[in-house]
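Peer 1: Okay, here's the structure, questions in a sec.
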Amino acid sequence: MKVFPTSLRLLLVLAVMFVSACASGDSDYESAADLEERARGIHERVITLDTHDDISVSNFTEERNYTMDLETQVNIPKMVAGGLDVAWLVVYTGQGDLDDEGYAAAYENAVSKFEAIHWLADEKAPDQIELAYTSDDVRRIVSEGKRVAMIAIENAYPVGLDLDNIRQFAEWGGRYMSLSHNGHSQFADSNTGERDDVWLYDGLSDLGVQAVAEMNKWGIMVDLSHPSKKSNLQAMELSRAPVMASHSSARGLNDVSRNLDDEELMALKANGGVVQTVAFKSYVATDKNNAYSEAIGALRAEVAEEMGVELIANRREIFQMSPEDRSAYMESVAPVMAAAAERMGEIEAGPVNVADFVNHIDYLVNLIGIEHVGISSDFDGGGGVEGWNDASETFNVTHELVRRGYTEEEIGQMWSGNLLRVLDDVQRIAAEIQAED
């Protein structure tokens with residue numbers, strides 16, 4: 001047996017460690033440039049899917065639409081620039097009165113958004129983006145080099161009292177739906193009940209119980225984002241199919257009612273569902289976001305005083321102005337904003353960023369397992385963090401995941417694999433239920 005000198009043995013050990021580290025992608029032995037290159041390769045190969053992107057029908061016209069690089073956080077050029085393959089475009093309806101007039105207006109609003117999404121994919125830009133109804137559709141469309149649109153329903157309020165509308169929404173392409181939004185619906189209490197401890201049903205209504213069964217029957221995923229905790233726990237107990245939370249983070253890291261607490265998350269794991277971690281800065285790190293906002297506000301106020309310009313502190317007052325007055329005001333304060341932007345280096349507080357967002361992913365993975373964790377932005381609905389402020393910056397999320405040691409397989413799971421697995425299960429179970437009739 002050969003005996004190597006101590007110094008030679010040490011060199012051999014170091015060499016083995018280096019080769020092993022490079023093979024495993026250990027960033028301690030990988031340059032920043034090499035890590036970025038590896039991350040870009042992963043980002044290109046996996047299917048990236050964002051489950052929550054709000055829309056306005058005003059952006060679905062010949063004159064103004066998603067084939068253009070609008071100021072919206074999501075559109076086709078931004079998806080292409082950031083390597084975002086799939087955007088779930090949201091049929092959102094704010095909560096209104098629980099009466100016939102309210103239901104009719106809500107239904108009309110929902111139909112207009114369904115029609116807008118179909119117009120974009122079926123008529124305006126079928127060569128650039130296509131509507132997917134199944135996971136197989138997603139993979140086929142991506143393989144053809146096109147972007148993918150999928151349809152979500154945020155707030156079941158437009159269903160009204162006619163549960164047949166659930167089947168109709170499914171036929172129009174709706175693939176997940178939340179039973180309430182910010183305000184109690186005819187189906188479920190909202191998380192907003194925590195503000196004043198006022199509830200309508202102490203969870204789901206009788207109609208909400210029926211709605212879960214109908215969603216199971218027609219292949220619509222039950223979305224836990226926005227309903228109350230009791231509503232969510234009931235929905236998971238009742239659902240024959242896995243559920244999802246389309247845009248929620250971990251309440252254990254940031255205690256806001258829009259995030260899911262550990263009990264809800266463990267129930268979701270037992271259900272086989274998936275939580276789509278949301279990059280909404282005030283849900284990711286409320287205190288940090290407030291501190292940064294206050295620092296910016298103070299800097300702008302200081303600059304405004306120096307320039308002799310009066311700022312309106314209450315943003316609601318600005319929104320309540322006439323379009324003409326608002327435009328004139330924004331023009332008058334533009335020099336203040338520009339001067340303040342040049343002095344941002346004076347602010348010690350930092351913005352909520354991609355690293356803060358991925359902290360939530362880490363927490364969820366550690367608690368419920370990587371197969372139950374996904375990714376969402378809530379773009380054009382208030383979402384965004386520094387580094388992922390619109391779809392063109394999507395790569396930065398993958399980059400941070402690679403930096404933290406997640407493998408390509410794990411990143412693919414979180415970007416799309418887990419959500420598409422739940423969709424497959426929901427559609428399979430729907431077919432089984434329909435066969436029972």
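Scheme for the structure tokens: letters A, B, ... for chains in order shown; per-chain residue numbers from 1; ligand numbers from 1 in order shown.
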List every residue of stretch 220-344 of chain A that DSSP, applied to the backbone of this structure, places in helix (DSSP H, G or I), and write the result as a PyMOL selection string.
Peer 2: chain A and resi 229-238+262-271+281-284+286-307+315-319+323-342+344
Peer 1: Do a neighbour search on stretch 210-223 of chain A at 7 Å with only C-alpha atoms, toss out local chain neighbours closer than 6 positions, and write the hits as number ranges by chain.
Peer 2: A: 163, 166-167, 170, 174-178, 235, 239-241, 243-246, 423, 426-427, 430, 433-434
Peer 1: Compile the contact shell of A:Ala279 as a PyMOL selection string: residues with an atom at most 9 Å away, counting only C-alpha atoms, same-chain residues fewer than 3 positions apart removed.
Peer 2: chain A and resi 247-249+282-284+353-354+356-358+375-379+383-385+388-389
Peer 1: With a distance cut-off of 9 Å and only C-alpha atoms, select the neighbouring residues of A:Arg38, excluding the residue or stretch itself and same-chain residues fewer than 4 positions from it, and output the selection as an NGL selection string.
Peer 2: :A and (25 or 33-34 or 42-43 or 399 or 402)
Peer 1: Quick one: residues within 12 Å of A:Tyr363, only C-alpha atoms counted, chain neighbours fewer than 6 positions away excluded, as a list in words?
Peer 2: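 The filter keeps Ser249, Ala250, Arg251, Gly252, Leu253, Asn254, Leu260, Asp261, Asp262, Leu265, Val275, Thr277, Val284, Asp356, Phe357, Gly369, Ile370, His372 and Val373 of chain A.
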Peer 1: Considering only C-alpha atoms, return as a ChimeraX atom specification whatever protein or nucleic-acid residues lie within 9 Å of stretch 190-207 of chain A, sequence-local ones (same chain, fewer than 5 positions apart) excluded.
Peer 2: /A:161,163,179-185,212,225-235,257-258
Peer 1: Could you give me, as a list in words, each residue of stretch 47-116 of chain A that DSSP assigns to strand (DSSP E) when run on this structure's backbone?
Peer 2: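 Reading the DSSP output for stretch 47-116 of chain A, strand (DSSP E) covers Leu49, Asp50, Thr51, His52, Asp53, Asp54, Val86, Ala87, Trp88, Leu89, Val90, Val91 and Tyr92 of chain A.
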Peer 1: Excluding same-chain residues fewer than 2 positions from A:Trp88, what lies within 8 Å of it counting only C-alpha atoms, as a compact mmCIF listing (two decimals) with C-alpha atoms, in the first residue's frame?
Peer 2:
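Below you can see around_34.txt, which holds the result:
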# COMPACT_ATOMS: atom_id res chain seq x y z
CA LEU A 49 -45.40 29.76 -13.92
CA ASP A 50 -46.89 32.67 -11.95
CA THR A 51 -50.34 31.89 -10.56
CA HIS A 52 -51.65 35.41 -9.97
CA ASP A 53 -51.60 38.35 -12.38
CA VAL A 86 -47.05 30.99 -17.88
CA VAL A 90 -57.17 36.84 -13.06
CA ALA A 149 -52.18 32.17 -20.46
CA MET A 150 -54.33 30.44 -17.87
CA ILE A 151 -57.47 31.78 -16.22
CA ALA A 152 -58.08 32.25 -12.49
Peer 1: Can you check which parts of stretch 336-391 of chain A lie within 10 Å of stretch 291-313 of chain A? Per residue, the shortest pair of atoms and distance in Å to one decimal, counting only C-alpha atoms, sorted by chain and number, as a tab-separated table.
Peer 2:
residue	atom	partner	partner_atom	distance
A:Val336	CA	A:Ala304	CA	5.7
A:Met337	CA	A:Arg300	CA	6.8
A:Ala338	CA	A:Arg300	CA	9.6
A:Ala339	CA	A:Val303	CA	7.1
A:Ala340	CA	A:Arg300	CA	5.6
A:Ala341	CA	A:Arg300	CA	8.7
A:Arg343	CA	A:Leu299	CA	8.1
A:Met344	CA	A:Ile296	CA	7.8
A:Glu346	CA	A:Leu299	CA	8.5
A:Ile347	CA	A:Ala295	CA	6.4
A:Glu348	CA	A:Ala295	CA	8.1
A:Ala349	CA	A:Tyr292	CA	5.3
A:Gly350	CA	A:Tyr292	CA	5.9
A:Pro351	CA	A:Tyr292	CA	5.8
A:Val352	CA	A:Tyr292	CA	8.2
